[in-house]
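**Student:** Here it is, the structure in full.
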Amino acid sequence: MGLTIGVDIGGTKIAAGVVDEEGNILSTFKVPTPTTPEAIVDAIASAVEGARAGHDIVGVGIGAAGYVNRQRSTVYFAPNIDWRNEPLKEKVEARVGLPVVVENDANAAAWGEYRFGAGKGHRNVICITLGTGLGGGIIIGNKLRRGHFGVAAEFGHIRMVPDGLLCGCGSQGCWEQYASGRALVRYAKQRANATPENAEILLGLGDGTPDGIEGKHISMAARQGDRVAVDSYRELARWVGAGLADLASLFDPSAFIVGGGLSDEGELVLGPIRKSYKRWLVGGNWRPVADVLAAQLGNKAGLVGAADLAREPDPIM
């Protein structure tokens with residue numbers, strides 16, 4: 001037990017933070033994210049050294065986007081970094097001289113919310129992150145469940161639509177193609193193109209064309225009552241809620257925690273998600289219904305969760 005460092009590898013920056021046993025971040029250090037795998041290892045080490053100054057650190061947890069092995073040491077595959085069977089634990093340990101664990105970034109965020117955020121008081125929660133894509137984490141019986149090979153909870157790549165939209169993973173019809181920030185922007189552009197008279201506010205926030213619509217514009221327009229923006233959120237929520245209903249059939253949690261950038265919109269997105277979830281939940285009128293909660297830690301969840309997992313010799317079953 002003691003102070004640990006969590007590392008969050010983002011697309012533009014790598015953030016390291018010293019975290020205490022109560023989930024408080026005591027110091028942070030950030031460096032730009034390089035483009036090559038070896039340079040990223042150097043950058044992680046640099047961020048860790050910058051954050052640890054003046055602190056007695058017992059371990060490091062790294063949140064990495066990708067498939068991480070059961071031993072929390074190797075990244076099998078990362079979609080945005082050229083890591084293939086990358087021994088990240090070994091390389092970073094050699095650089096920083098501290099015990100290191102590697103965790104999928106969505107799992108780390110889920111663990112952070114479970115321990116210190118919206119999941120406090122629950123034993124069984126399912127977390128999803130709605131950002132550019134869709135990720136998730138499974139906590140059952142107070143344990144992070146990662147599967148036999150360590151790569152469970154890739155919820156975004158559940159096939160929701162046979163022969164549906166092509167996904168970046170190479171499959172078709174994946175959930176994240178219908179329930180994510182990218183999907184929301186696509187819905188808004190399609191609707192604005194079809195009925196521009198219903199998107200005057202939305203179009204006015206961009207360059208006046210459907211192609212100029214960005215995610216921030218949809219949020220602003222929806223709060224002003226723009227019909228296309230509101231309908232786009234409803235379409236997103238329809239898909240999110242339907243997916244949560246399927247997950248309820250699998251895991252029967254007491255709560256779903258919705259994180260990621262889209263959760264920052266609060267009831268604008270959570271209210272319709274709850275409605276859709278209840279609509280699609282089998283036996284929903286006759287069974288207990290899990291809470292659908294907004295994540296509380298924001299973009300700190302992954303860093304805090306990774307740091308806390310570094311304290312656990314093996315919290316995973």
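We name chains A, B, ... following the order of the structure tokens; residues begin at 1 in each chain, and ligands are numbered from 1 as shown.
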Write out as a list of chain:residue names which residues come within 7 Å of Asp226 (chain A) when counting only C-alpha atoms, dropping same-chain ones fewer than 5 positions away.

**Tutor:** A:Asn198, A:Ala199, A:Ile201, A:Leu202, A:Ala221

**Student:** Export, as a compact mmCIF listing (two decimals), in the first residue's frame, the selected residues with N, CA, C and O atoms.

**Tutor:**
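Saved as result-v1.txt:
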# COMPACT_ATOMS: atom_id res chain seq x y z
N ASN A 198 -34.83 22.14 -40.18
CA ASN A 198 -34.92 21.75 -38.77
C ASN A 198 -33.59 21.86 -38.04
O ASN A 198 -33.48 21.46 -36.88
N ALA A 199 -32.58 22.38 -38.72
CA ALA A 199 -31.23 22.42 -38.16
C ALA A 199 -30.63 23.82 -38.24
O ALA A 199 -29.41 23.98 -38.32
N ILE A 201 -30.30 26.27 -36.06
CA ILE A 201 -29.38 26.61 -34.96
C ILE A 201 -28.09 25.82 -35.11
O ILE A 201 -26.99 26.38 -35.01
N LEU A 202 -28.21 24.53 -35.35
CA LEU A 202 -27.05 23.65 -35.47
C LEU A 202 -26.13 24.10 -36.61
O LEU A 202 -24.92 24.23 -36.43
N ALA A 221 -26.54 23.17 -29.70
CA ALA A 221 -27.81 23.33 -30.42
C ALA A 221 -28.95 22.60 -29.71
O ALA A 221 -30.08 23.10 -29.65

**Student:** Counting only C-alpha atoms, what are the residues of region 78-112 of chain A within 10 Å of region 145-166 of chain A, and for each of them which pair of atoms is the nearest and at what distance in Å, to one decimal? Sort the table by chain and rising number, as CSV.

**Tutor:**
residue,atom,partner,partner_atom,distance
A:Glu103,CA,A:Gly150,CA,9.2
A:Asn104,CA,A:Val151,CA,8.2
A:Ala106,CA,A:Ala153,CA,8.7
A:Asn107,CA,A:Ala153,CA,8.0

**Student:** Create the file for the chosen residues now, containing N, CA and C atoms and written as a short mmCIF file (atom, residue, chain, number, x, y, z; two decimals), in the first residue's frame.

**Tutor:**
data_model
loop_
_atom_site.label_atom_id
_atom_site.label_comp_id
_atom_site.auth_asym_id
_atom_site.auth_seq_id
_atom_site.Cartn_x
_atom_site.Cartn_y
_atom_site.Cartn_z
N GLU A 103 -2.79 -1.99 -17.88
CA GLU A 103 -4.22 -2.28 -17.90
C GLU A 103 -4.87 -1.61 -19.10
N ASN A 104 -5.87 -2.25 -19.64
CA ASN A 104 -6.67 -1.59 -20.66
C ASN A 104 -7.23 -0.29 -20.11
N ALA A 106 -9.96 1.47 -20.66
CA ALA A 106 -11.37 1.48 -20.25
C ALA A 106 -11.57 0.70 -18.96
N ASN A 107 -10.84 -0.40 -18.79
CA ASN A 107 -10.89 -1.14 -17.53
C ASN A 107 -10.40 -0.27 -16.39
#

**Student:** Identify which of the residues A:Val282, A:Pro99, A:Arg70, A:Asp308 lies closest to Glu22 (chain A), counting only C-alpha atoms when measuring atom-to-atom distances.

**Tutor:**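 Of A:Val282, A:Pro99, A:Arg70, A:Asp308, the one nearest Glu22 (chain A) is A:Asp308, counting only C-alpha atoms.
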
**Student:** What's the 12 Å shell around Gln224 (chain A), counting only C-alpha atoms, without same-chain residues fewer than 2 positions away, as a PyMOL selection string?

**Tutor:** chain A and resi 199-202+205+217-222+226-230+268

**Student:** Just to confirm, what's the straight-line distance from CA of Leu281 (chain A) to CA of Asp246 (chain A) in Å (one decimal)?

**Tutor:**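 So the answer is 7.4 Å.
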
**Student:** Taking the DSSP secondary structure from the backbone, can you list the residues of region 5-245 of chain A that are strand (DSSP E or B), as a PyMOL selection string?

**Tutor:** chain A and resi 5-9+13-19+25-32+57-64+67-68+75-77+84-86+100-104+125-130+134-140+143-144+159+166+172+174

**Student:** CA of Val102 (chain A) and CA of Ser171 (chain A), how far apart in Å?

**Tutor:** 26.3 Å

**Student:** So that I can check the surroundings of region 26-30 of chain A, please list as an NGL selection string every protein, DNA and RNA residue that reaches within 12 Å of it, counting only C-alpha atoms and ignoring chain neighbours fewer than 6 positions away.

**Tutor:** :A and (3-10 or 12-20 or 43-57 or 300 or 303-304 or 307)

**Student:** What does the distance from CA of Thr209 (chain A) to CA of Pro272 (chain A) come to in Å, to one decimal?

**Tutor:** 27.0 Å
